[in-house]
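data.txt (compact mmCIF, C-alpha atoms)
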```txt
# COMPACT_ATOMS: atom_id res chain seq x y z
CA MET S 1189 0.00 0.00 0.00
CA GLN S 1190 1.17 3.50 -0.73
CA GLY S 1191 2.06 5.53 2.37
CA PRO S 1192 1.94 9.33 2.67
CA ARG S 1193 5.72 9.49 2.16
CA ASP S 1194 5.53 7.54 -1.10
CA ILE S 1195 2.78 9.84 -2.40
CA ASP S 1196 4.84 12.89 -1.43
CA GLU S 1197 7.88 11.54 -3.31
CA ALA S 1198 5.77 10.71 -6.35
CA THR S 1199 4.39 14.28 -6.38
CA LYS S 1200 7.89 15.72 -6.13
CA ALA S 1201 9.06 13.53 -9.01
CA ALA S 1202 6.09 14.61 -11.12
CA ASP S 1203 6.97 18.23 -10.34
CA GLY S 1204 10.48 17.73 -11.66
CA GLU S 1205 12.36 17.53 -8.40
CA GLY S 1206 15.34 15.33 -9.01
CA LEU S 1207 15.03 15.67 -12.81
CA ASP S 1208 18.57 15.83 -14.07
CA PRO S 1209 19.21 18.50 -16.77
CA ARG S 1210 20.74 15.85 -19.05
CA GLU S 1211 17.62 13.74 -18.58
CA ALA S 1212 15.48 16.83 -19.30
CA ALA S 1213 17.45 17.54 -22.49
CA SER S 1214 16.96 14.00 -23.70
CA LEU S 1215 13.25 14.08 -22.81
CA LEU S 1216 12.80 17.40 -24.61
CA ALA S 1217 14.54 16.17 -27.76
CA LYS S 1218 12.47 12.97 -27.79
CA ALA S 1219 9.18 14.82 -27.21
CA GLU S 1220 9.96 17.27 -30.06
CA ARG S 1221 10.95 14.46 -32.42
CA ASP S 1222 7.88 12.35 -31.58
CA ALA S 1223 5.51 15.30 -31.96
CA LYS S 1224 6.99 16.40 -35.30
CA ARG S 1225 6.76 12.83 -36.58
CA GLN S 1226 3.13 12.50 -35.50
CA PHE S 1227 2.12 15.87 -37.02
CA ASN S 1228 4.10 15.27 -40.22
CA LEU S 1229 1.89 15.41 -43.33
CA SER S 1230 4.51 13.99 -45.68
CA PRO S 1231 6.44 11.17 -44.01
CA PRO S 1232 9.26 9.65 -46.09
CA TRP S 1233 7.25 6.53 -46.95
CA ILE S 1234 4.59 8.68 -48.65
CA ALA S 1235 7.30 10.28 -50.82
CA ALA S 1236 8.64 6.78 -51.58
CA LEU S 1237 5.14 5.59 -52.52
CA GLY S 1238 4.69 8.65 -54.74
CA GLY S 1239 8.04 7.90 -56.38
CA VAL S 1240 7.03 4.29 -57.09
CA VAL S 1241 3.65 5.37 -58.52
CA ILE S 1242 5.35 7.94 -60.77
CA LEU S 1243 8.00 5.47 -61.90
CA VAL S 1244 5.55 2.65 -62.67
CA GLY S 1245 2.74 4.85 -64.01
CA TYR S 1246 4.68 7.18 -66.29
CA GLY S 1247 7.06 4.36 -67.23
CA ALA S 1248 4.11 2.27 -68.39
CA LEU S 1249 2.61 5.20 -70.33
CA TRP S 1250 5.88 5.92 -72.07
CA LEU S 1251 6.65 2.25 -72.85
CA SER S 1252 3.16 1.64 -74.24
CA THR S 1253 3.36 4.66 -76.58
CA ARG S 1254 7.03 4.44 -77.57
CA GLY S 1255 7.54 3.97 -81.30
CA GLN S 1256 3.88 4.52 -82.24
CA HIS S 1257 3.50 5.92 -85.76
CA PRO S 1258 0.95 7.41 -85.90
CA TYR S 1259 0.40 8.04 -82.20
CA SER S 1260 -2.62 6.11 -80.91
CA GLY S 1261 -2.29 6.72 -77.15
CA PRO S 1262 -1.39 4.61 -74.10
CA SER S 1263 -2.59 1.01 -73.86
CA PRO S 1264 -5.63 0.23 -71.64
CA LEU S 1265 -3.34 -1.73 -69.28
CA ALA S 1266 -1.06 1.28 -68.79
CA ILE S 1267 -4.06 3.53 -68.14
CA VAL S 1268 -5.50 1.07 -65.57
CA LEU S 1269 -2.08 0.84 -63.90
CA VAL S 1270 -1.90 4.64 -63.63
CA TYR S 1271 -5.42 4.92 -62.19
CA VAL S 1272 -4.77 2.18 -59.62
CA GLY S 1273 -1.48 3.82 -58.60
CA VAL S 1274 -3.08 7.26 -58.28
CA ILE S 1275 -6.00 5.86 -56.22
CA VAL S 1276 -3.60 4.03 -53.86
CA ALA S 1277 -1.42 7.15 -53.48
CA ILE S 1278 -4.45 9.40 -52.82
CA ALA S 1279 -5.91 6.93 -50.28
CA ALA S 1280 -2.57 6.72 -48.44
CA SER S 1281 -2.17 10.52 -48.44
CA VAL S 1282 -5.71 11.04 -47.09
CA LYS S 1283 -5.05 8.48 -44.32
CA VAL S 1284 -1.79 10.20 -43.35
CA TYR S 1285 -3.49 13.62 -43.42
CA GLN S 1286 -6.35 12.42 -41.22
CA ARG S 1287 -3.97 10.83 -38.73
CA ALA S 1288 -1.62 13.82 -38.60
CA THR S 1289 -4.34 16.43 -38.20
CA ALA S 1290 -6.64 14.48 -35.83
CA GLY S 1291 -7.51 16.82 -32.97
CA VAL S 1292 -5.57 19.70 -34.52
CA SER S 1293 -7.43 22.91 -35.28
CA GLY S 1294 -6.51 26.49 -36.05
CA PRO S 1295 -5.19 28.76 -38.78
CA SER S 1296 -2.75 26.31 -40.40
CA VAL S 1297 -5.42 23.59 -40.80
CA ARG S 1298 -7.84 26.08 -42.42
CA GLN S 1299 -5.01 27.24 -44.70
CA GLN S 1300 -4.24 23.64 -45.74
CA ARG S 1301 -7.91 23.03 -46.63
CA VAL S 1302 -8.06 26.14 -48.82
CA GLU S 1303 -4.82 25.10 -50.53
CA GLY S 1304 -6.25 21.61 -51.11
CA VAL S 1305 -9.36 23.06 -52.78
CA ALA S 1306 -7.21 25.33 -55.01
CA ILE S 1307 -5.08 22.36 -56.11
CA LEU S 1308 -8.16 20.19 -56.78
CA ILE S 1309 -9.69 22.95 -58.95
CA SER S 1310 -6.43 23.37 -60.85
CA TYR S 1311 -6.53 19.65 -61.75
CA LEU S 1312 -9.64 20.42 -63.82
CA GLY S 1313 -7.57 22.63 -66.12
CA SER S 1314 -6.04 19.78 -68.12
CA PRO S 1315 -9.28 17.95 -69.08
CA VAL S 1316 -10.85 21.31 -69.99
CA ILE S 1317 -8.00 22.12 -72.40
CA GLN S 1318 -8.13 18.53 -73.73
CA GLY S 1319 -11.85 18.90 -74.43
CA ALA S 1320 -11.38 22.26 -76.12
CA MET S 1321 -8.53 20.93 -78.28
CA LYS S 1322 -10.63 17.92 -79.34
CA ASN S 1323 -13.53 20.24 -80.11
CA TYR S 1324 -11.35 22.33 -82.42
CA GLY S 1325 -10.06 19.24 -84.22
CA ALA S 1326 -6.54 18.94 -82.77
CA SER S 1327 -4.70 15.71 -83.57
CA HIS S 1328 -4.88 12.54 -81.44
CA ALA S 1329 -1.23 13.08 -80.51
CA ILE S 1330 -2.03 16.49 -79.04
CA VAL S 1331 -5.31 15.58 -77.31
CA TYR S 1332 -4.22 12.20 -75.86
CA GLY S 1333 -0.45 12.67 -75.72
CA VAL S 1334 1.02 16.10 -75.26
CA ILE S 1335 -1.84 17.78 -73.33
CA PRO S 1336 -2.51 15.08 -70.67
CA ALA S 1337 1.25 14.68 -70.10
CA ALA S 1338 2.25 18.35 -70.02
CA ALA S 1339 -0.79 20.39 -68.98
CA PRO S 1340 -1.34 18.97 -65.44
CA LEU S 1341 2.32 19.61 -64.63
CA ILE S 1342 2.17 23.20 -65.87
CA ILE S 1343 -1.25 24.08 -64.37
CA VAL S 1344 -1.09 22.25 -61.03
CA GLY S 1345 2.62 22.98 -60.72
CA THR S 1346 2.00 26.72 -61.13
CA THR S 1347 -0.75 26.61 -58.50
CA VAL S 1348 1.58 24.87 -56.03
CA LEU S 1349 4.33 27.32 -57.00
CA GLY S 1350 2.08 30.23 -55.96
CA ILE S 1351 1.11 28.55 -52.69
CA ALA S 1352 4.75 27.79 -51.89
CA ALA S 1353 5.80 31.37 -52.66
CA SER S 1354 3.07 32.80 -50.42
CA LYS S 1355 4.31 30.65 -47.52
CA ALA S 1356 8.01 31.11 -48.33
CA ASP S 1357 8.21 27.29 -48.44
CA TRP S 1358 11.33 27.03 -50.59
CA PRO S 1359 11.60 23.21 -50.80
CA GLN S 1360 8.02 23.11 -52.11
CA PHE S 1361 8.76 26.05 -54.42
CA GLY S 1362 11.79 24.23 -55.85
CA ALA S 1363 9.83 21.00 -56.36
CA ALA S 1364 6.94 22.84 -58.04
CA LEU S 1365 9.32 24.79 -60.30
CA THR S 1366 10.97 21.51 -61.36
CA VAL S 1367 7.56 20.08 -62.22
CA VAL S 1368 6.52 23.19 -64.19
CA ILE S 1369 9.78 23.15 -66.17
CA GLY S 1370 9.25 19.43 -66.84
CA GLY S 1371 5.75 20.24 -68.12
CA VAL S 1372 7.11 22.90 -70.46
CA VAL S 1373 9.72 20.46 -71.79
CA ALA S 1374 7.03 17.76 -72.17
CA ALA S 1375 4.97 20.12 -74.31
CA PHE S 1376 7.67 20.26 -76.98
CA VAL S 1377 9.19 16.77 -77.17
CA GLY S 1378 6.37 14.88 -78.88
CA PRO S 1379 3.48 12.75 -77.55
CA SER S 1380 5.42 9.67 -76.41
CA ALA S 1381 8.51 11.42 -75.02
CA ALA S 1382 6.15 13.83 -73.21
CA TRP S 1383 5.25 11.01 -70.79
CA LEU S 1384 8.94 10.33 -70.16
CA ALA S 1385 9.74 14.02 -69.60
CA ALA S 1386 6.74 14.38 -67.26
CA GLY S 1387 7.72 11.26 -65.28
CA ILE S 1388 11.32 12.42 -64.89
CA ALA S 1389 10.25 15.93 -63.77
CA LEU S 1390 7.75 14.56 -61.23
CA GLY S 1391 10.24 11.99 -59.94
CA VAL S 1392 12.96 14.61 -59.48
CA GLY S 1393 10.46 17.01 -57.87
CA VAL S 1394 9.16 14.42 -55.38
CA ALA S 1395 12.65 13.12 -54.52
CA GLY S 1396 14.02 16.65 -54.09
CA TYR S 1397 11.12 17.68 -51.89
CA ALA S 1398 11.49 14.54 -49.75
CA ALA S 1399 15.23 15.20 -49.32
CA ALA S 1400 14.68 18.87 -48.46
CA THR S 1401 11.88 18.23 -45.96
CA SER S 1402 13.83 15.49 -44.22
CA LYS S 1403 16.38 18.26 -43.49
CA ARG S 1404 13.50 20.24 -41.99
CA PHE S 1405 13.57 17.79 -39.11
CA GLY S 1406 17.21 18.62 -38.66
CA PRO S 1407 16.94 20.97 -35.68
CA ALA S 1408 15.24 18.32 -33.52
CA LEU S 1409 17.70 15.66 -34.60
CA ARG S 1410 20.63 17.98 -34.09
CA ARG S 1411 19.33 18.90 -30.66
CA ASN S 1412 18.98 15.22 -29.87
CA GLN S 1413 22.53 14.71 -31.07
CA TRP S 1414 23.54 17.58 -28.81
CA ALA S 1415 21.74 15.90 -25.89
CA ARG S 1416 23.39 12.56 -26.66
CA THR S 1417 26.82 14.18 -26.90
CA HIS S 1418 26.43 15.72 -23.48
CA TRP S 1419 25.06 12.49 -22.06
CA THR S 1420 27.95 10.39 -23.16
CA ARG S 1421 30.73 12.74 -22.05
CA MET Q 377 23.95 19.86 -10.85
CA GLY Q 378 21.89 22.98 -10.03
CA THR Q 379 18.55 23.45 -11.77
CA ASP Q 380 17.69 26.89 -10.36
CA ALA Q 381 18.09 28.53 -13.77
CA LEU Q 382 15.43 26.23 -15.22
CA ASP Q 383 11.80 27.37 -15.23
CA PRO Q 384 10.15 25.15 -12.56
CA VAL Q 385 6.81 25.25 -14.37
CA ILE Q 386 8.33 23.53 -17.42
CA HIS Q 387 11.01 21.51 -15.61
CA ALA Q 388 8.84 18.48 -14.88
CA PRO Q 389 8.73 15.43 -17.17
CA ALA Q 390 5.04 15.58 -18.01
CA ARG Q 391 4.87 19.37 -18.43
CA LEU Q 392 8.06 19.39 -20.51
CA ARG Q 393 6.50 16.85 -22.88
CA ILE Q 394 3.21 18.77 -23.01
CA VAL Q 395 4.91 22.07 -23.92
CA ALA Q 396 7.28 20.43 -26.45
CA THR Q 397 4.34 18.64 -28.11
CA LEU Q 398 2.22 21.81 -28.38
CA ALA Q 399 5.24 23.78 -29.65
CA ALA Q 400 5.51 21.38 -32.60
CA LEU Q 401 2.21 22.79 -33.91
CA ALA Q 402 2.08 25.94 -36.03
CA ASP Q 403 1.68 29.21 -34.16
CA GLY Q 404 -1.93 29.66 -33.00
CA ASP Q 405 -3.01 26.05 -33.66
CA SER Q 406 -4.78 24.01 -30.98
CA LEU Q 407 -4.71 20.35 -30.02
CA SER Q 408 -7.64 18.42 -28.57
CA PHE Q 409 -7.33 17.09 -25.04
CA THR Q 410 -7.91 13.50 -26.21
CA ARG Q 411 -5.19 13.64 -28.92
CA LEU Q 412 -2.74 15.15 -26.46
CA GLN Q 413 -3.60 12.45 -23.94
CA ASP Q 414 -3.10 9.73 -26.58
CA MET Q 415 0.23 11.18 -27.66
CA LEU Q 416 1.63 11.51 -24.15
CA GLU Q 417 -0.03 8.39 -22.71
CA LEU Q 418 -1.06 10.18 -19.52
CA THR Q 419 -4.19 9.56 -17.46
CA PRO Q 420 -6.88 12.26 -17.80
CA GLY Q 421 -6.47 13.31 -14.16
CA ASN Q 422 -2.70 13.58 -14.42
CA LEU Q 423 -2.93 15.56 -17.66
CA ILE Q 424 -5.53 17.95 -16.20
CA THR Q 425 -3.29 18.63 -13.18
CA HIS Q 426 -0.29 19.54 -15.32
CA LEU Q 427 -2.37 21.54 -17.83
CA ARG Q 428 -3.80 23.58 -14.97
CA LYS Q 429 -0.29 24.47 -13.73
CA LEU Q 430 0.76 25.54 -17.22
CA GLU Q 431 -2.46 27.49 -17.70
CA ASP Q 432 -2.00 29.26 -14.35
CA ALA Q 433 1.47 30.35 -15.53
CA GLY Q 434 -0.07 31.73 -18.74
CA TYR Q 435 1.80 29.23 -20.93
CA LEU Q 436 -1.33 27.77 -22.49
CA THR Q 437 -5.03 28.36 -22.87
CA SER Q 438 -7.83 25.83 -23.03
CA GLU Q 439 -11.25 26.21 -24.55
CA THR Q 440 -14.17 23.83 -24.22
CA THR Q 441 -16.94 23.79 -26.80
CA GLY Q 442 -20.17 21.78 -26.72
CA ASN Q 443 -21.84 20.05 -23.81
CA GLY Q 444 -21.76 16.61 -22.18
CA ARG Q 445 -20.29 13.79 -24.26
CA ALA Q 446 -20.03 16.02 -27.33
CA SER Q 447 -17.80 18.53 -25.54
CA LEU Q 448 -14.34 19.15 -26.98
CA THR Q 449 -11.46 20.74 -25.12
CA SER Q 450 -8.76 22.38 -27.23
CA ILE Q 451 -5.40 23.42 -25.84
CA THR Q 452 -3.23 26.15 -27.34
CA LEU Q 453 0.31 27.13 -26.44
CA THR Q 454 0.42 30.89 -25.89
CA ARG Q 455 3.15 33.24 -27.12
CA THR Q 456 4.35 33.41 -23.49
CA GLY Q 457 4.54 29.62 -23.41
CA ARG Q 458 6.58 29.48 -26.61
CA VAL Q 459 8.99 32.12 -25.29
CA ALA Q 460 9.24 30.26 -21.98
CA LEU Q 461 10.14 27.00 -23.77
CA ASP Q 462 12.82 28.80 -25.81
CA ALA Q 463 14.23 30.34 -22.62
CA TYR Q 464 14.13 26.92 -20.90
CA THR Q 465 15.98 25.31 -23.84
CA ASP Q 466 18.63 28.04 -23.79
CA ALA Q 467 19.07 27.67 -20.03
CA LEU Q 468 19.36 23.90 -20.38
CA ARG Q 469 21.95 24.29 -23.13
CA ASP Q 470 23.99 26.73 -21.00
CA LEU Q 471 23.77 24.41 -18.02
CA LEU Q 472 24.95 21.36 -19.95
CA GLY Q 473 27.61 23.39 -21.77
CA GLY Q 474 28.93 24.54 -18.40
CA LEU Q 475 28.98 20.98 -17.14
CA GLN Q 476 30.95 19.86 -20.18
CA THR Q 477 33.50 22.66 -19.64
CA THR Q 478 33.81 21.73 -15.96
CA ASN Q 479 34.33 18.06 -16.84
CA VAL Q 480 36.97 18.91 -19.42
CA SER Q 481 38.89 21.24 -17.05
CA HIS Q 482 38.82 18.62 -14.28
CA SER Q 483 39.86 15.72 -16.48
CA PRO Q 484 43.43 14.44 -16.03
CA ARG Q 485 45.89 15.56 -18.70
CA HIS Q 486 47.90 13.02 -20.62
CA THR Q 487 51.47 14.17 -21.16
```

In structure tokens, write the structure found in this file.
Amino acid sequence: MQGPRDIDEATKAADGEGLDPREAASLLAKAERDAKRQFNLSPPWIAALGGVVILVGYGALWLSTRGQHPYSGPSPLAIVLVYVGVIVAIAASVKVYQRATAGVSGPSVRQQRVEGVAILISYLGSPVIQGAMKNYGASHAIVYGVIPAAAPLIIVGTTVLGIAASKADWPQFGAALTVVIGGVVAAFVGPSAAWLAAGIALGVGVAGYAAATSKRFGPALRRNQWARTHWTR
Amino acid sequence: MGTDALDPVIHAPARLRIVATLAALADGDSLSFTRLQDMLELTPGNLITHLRKLEDAGYLTSETTGNGRASLTSITLTRTGRVALDAYTDALRDLLGGLQTTNVSHSPRHT
């Protein structure tokens, strides 16, 4: 049974009496690291999944259209593969978002929702241009090759570029700029190579963003390193 | 090792973890009581006790909306709380830096 003295000692311990500064430093570093990990909207595995989807999806589109004369468009299998990959990536991203923002409210969450809506609307740009081009009699290579490969990168990339600039989020800005440049290149290299150019630009953008944001967790890791260094000496 | 330079409101394991967790959110964002409890694995009573101490010091604010089972308590780290955590971290760094210097100056020299 707990006596009054035990309770008193437990209260003192809970109030930090006897908490060694080195122990406090380690605890602080761990709490920061754990919290950042739990609130992180883009963990490394999501970037890896995005990379795989881009590699497989755009690779399949390019391989299925390579050497087509005249251009007839991607094979049904490649299109199904892309849709499945995109659905899996979206489902995983939504799950991560829900888990990271559970119980979180405030200005940054509202901002993220508005940004999400802006990006979703910008995705409509490509099919609208495709429809208009088809309506005006553009070739199959333009409507089902160049436009679907290049337009989403230019339109959505520019939207993300604006969002990143407004937040001074330079890793995101760099990734979006890479994607936009890739889209511009894709617009001029022909219908089949457009898929390859788009895939490379997206892959480089995602990998660069993942590398840059992993550095964002640097301060906590460095502080932990600092705590460990002092612990071991 | 003396801990007088460390803010006693923050210098307690549970409160240190609470403040560090809330500081990981963007400025002005709130966290629900239940999420915070899940993250820190504290009992509701224990968490309430520590939150009250931090709130009394002006380091955080809590707001409850709704009634009964539908009520939701949100906790926000104040500007004062963020500044206090920064000051605590600086004090901790100075303290440990001083300890390292002391250890080095007292260590035997190899000639």

Which value, in Å to one decimal, gives the distance between CA of Leu461 in chain Q and CA of Tyr1397 in chain S?
->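 Pair CA of Leu461 in chain Q / CA of Tyr1397 in chain S returns 29.6 Å.
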
Excluding same-chain residues fewer than 2 positions from Val385 in chain Q, what lies within 8 Å of it counting only C-alpha atoms, as a PyMOL selection string?
-> chain Q and resi 383+387-388+391+429-430+433

Mind checking which residues fall within 10 Å of Gly1304 in chain S, counting only C-alpha atoms, ignoring those fewer than 6 positions away in the same chain, and posting them as a PyMOL selection string?
-> chain S and resi 1298+1310+1348

Could you work out how far CA of Thr397 in chain Q lies from CA of Gly457 in chain Q, giving the answer in Å with one decimal?
->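 One can read the CA of Gly457 in chain Q to CA of Thr397 in chain Q distance as 11.9 Å.
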
Once you count all atoms listed in the file, what closest atom pair and distance in Å to one decimal does each residue of chain Q within 6 Å of chain S have, with rows by chain and rising residue number, as a Markdown table?
```
| residue | atom | partner | partner_atom | distance |
| --- | --- | --- | --- | --- |
| Q:His387 | CA | S:Gly1204 | CA | 5.5 |
| Q:Ala388 | CA | S:Gly1204 | CA | 3.7 |
| Q:Arg393 | CA | S:Ala1219 | CA | 5.5 |
| Q:Ala396 | CA | S:Glu1220 | CA | 5.5 |
| Q:Thr397 | CA | S:Ala1223 | CA | 5.2 |
| Q:Ala400 | CA | S:Lys1224 | CA | 5.9 |
| Q:Asp405 | CA | S:Gly1294 | CA | 4.3 |
| Q:Ser406 | CA | S:Ser1293 | CA | 5.2 |
| Q:Leu407 | CA | S:Val1292 | CA | 4.6 |
| Q:Ser408 | CA | S:Gly1291 | CA | 4.7 |
| Q:Arg411 | CA | S:Gly1291 | CA | 5.6 |
```

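Considering only C-alpha atoms, the residue among Q:Ala460, Q:Leu453, Q:Pro384, Q:His426 positioned nearest to Ser438 in chain Q is Q:Leu453.
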
Find the residues near Thr449 in chain Q: any atom within 7 Å, counting only C-alpha atoms, skip ones fewer than 2 places away on the same chain, and give them as a PyMOL selection string.
-> chain Q and resi 408-409+438-441+447+451

Taking all atoms of range 1354-1365 of chain S that the file lists and extending 3 Å past them on each side, where is the centre of the axis-aligned box and how long are its edges? Answer in Å to one decimal, as AutoDock Vina command-line options.
```
--center_x 7.4 --center_y 26.9 --center_z -53.9 --size_x 14.7 --size_y 17.8 --size_z 18.8
```

CA of Leu1229 in chain S and CA of Arg445 in chain Q, how far apart in Å?
->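 According to the coordinates, CA of Arg445 in chain Q and CA of Leu1229 in chain S are separated by 29.3 Å.
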
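Proximity to range 1328-1334 of chain S at 6 Å, evaluated using all atoms listed in the file and with sequence-adjacent residues fewer than 5 positions away removed, yields Tyr1259, Gly1261, Gln1318, Ala1375, Pro1379 and Ala1382 of chain S.
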
Mind checking which residues fall within 9 Å of Tyr464 in chain Q, counting all atoms listed in the file, ignoring those fewer than 5 positions away in the same chain, and posting them as a list in words?
-> Ala381, Leu382, Asp383, Ile386, His387, Val459 and Arg469 of chain Q

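Using all atoms listed in the file, the nearest neighbour of Arg458 in chain Q within the list Q:Leu471, Q:Ala399, Q:Leu412, Q:Ala446 is Q:Ala399.
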
Choose the residue, out of S:Val1394, S:Val1240, S:Ala1248, S:Ile1278, that has the smallest atom-to-atom separation from Ser1380 in chain S; count all atoms listed in the file.
-> S:Ala1248

Counting only C-alpha atoms, which of Q:Pro389, Q:Gly404, Q:Gly444, Q:Gly434 gets nearest to Thr456 in chain Q?
->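 Using only C-alpha atoms, Thr456 in chain Q sits closest to Q:Gly434.
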
Which of S:Ser1230, S:Ser1281, S:Ser1214, S:Gln1256 sits closest to Ala1399 in chain S [using all atoms listed in the file] =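 Ranked by minimum distance to Ala1399 in chain S, first place goes to S:Ser1230.
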
Please rebuild range 392-406 of chain Q with N, CA and C atoms and return the result as a short mmCIF file (atom, residue, chain, number, x, y, z; two decimals), in the coordinates of the input.
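See result_2.cif below for the written result:
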```cif
data_model
loop_
_atom_site.label_atom_id
_atom_site.label_comp_id
_atom_site.auth_asym_id
_atom_site.auth_seq_id
_atom_site.Cartn_x
_atom_site.Cartn_y
_atom_site.Cartn_z
N LEU Q 392 7.06 19.19 -19.45
CA LEU Q 392 8.06 19.39 -20.51
C LEU Q 392 7.57 18.75 -21.82
N ARG Q 393 7.02 17.56 -21.70
CA ARG Q 393 6.50 16.85 -22.88
C ARG Q 393 5.26 17.54 -23.44
N ILE Q 394 4.42 18.07 -22.55
CA ILE Q 394 3.21 18.77 -23.01
C ILE Q 394 3.61 20.00 -23.82
N VAL Q 395 4.50 20.81 -23.26
CA VAL Q 395 4.91 22.07 -23.92
C VAL Q 395 5.63 21.76 -25.24
N ALA Q 396 6.53 20.78 -25.22
CA ALA Q 396 7.28 20.43 -26.45
C ALA Q 396 6.33 19.94 -27.54
N THR Q 397 5.31 19.16 -27.14
CA THR Q 397 4.34 18.64 -28.11
C THR Q 397 3.53 19.79 -28.72
N LEU Q 398 3.03 20.69 -27.88
CA LEU Q 398 2.22 21.81 -28.38
C LEU Q 398 3.07 22.76 -29.22
N ALA Q 399 4.35 22.88 -28.89
CA ALA Q 399 5.24 23.78 -29.65
C ALA Q 399 5.53 23.25 -31.06
N ALA Q 400 5.29 21.96 -31.26
CA ALA Q 400 5.51 21.38 -32.60
C ALA Q 400 4.41 21.78 -33.58
N LEU Q 401 3.30 22.31 -33.04
CA LEU Q 401 2.21 22.79 -33.91
C LEU Q 401 2.55 24.18 -34.44
N ALA Q 402 1.87 24.58 -35.51
CA ALA Q 402 2.08 25.94 -36.03
C ALA Q 402 1.54 26.95 -35.02
N ASP Q 403 2.07 28.15 -35.09
CA ASP Q 403 1.68 29.21 -34.16
C ASP Q 403 0.16 29.44 -34.22
N GLY Q 404 -0.49 29.39 -33.06
CA GLY Q 404 -1.93 29.66 -33.00
C GLY Q 404 -2.81 28.42 -33.16
N ASP Q 405 -2.22 27.27 -33.51
CA ASP Q 405 -3.01 26.05 -33.66
C ASP Q 405 -3.29 25.41 -32.29
N SER Q 406 -4.39 24.66 -32.23
CA SER Q 406 -4.78 24.01 -30.98
C SER Q 406 -4.77 22.49 -31.14
#
```
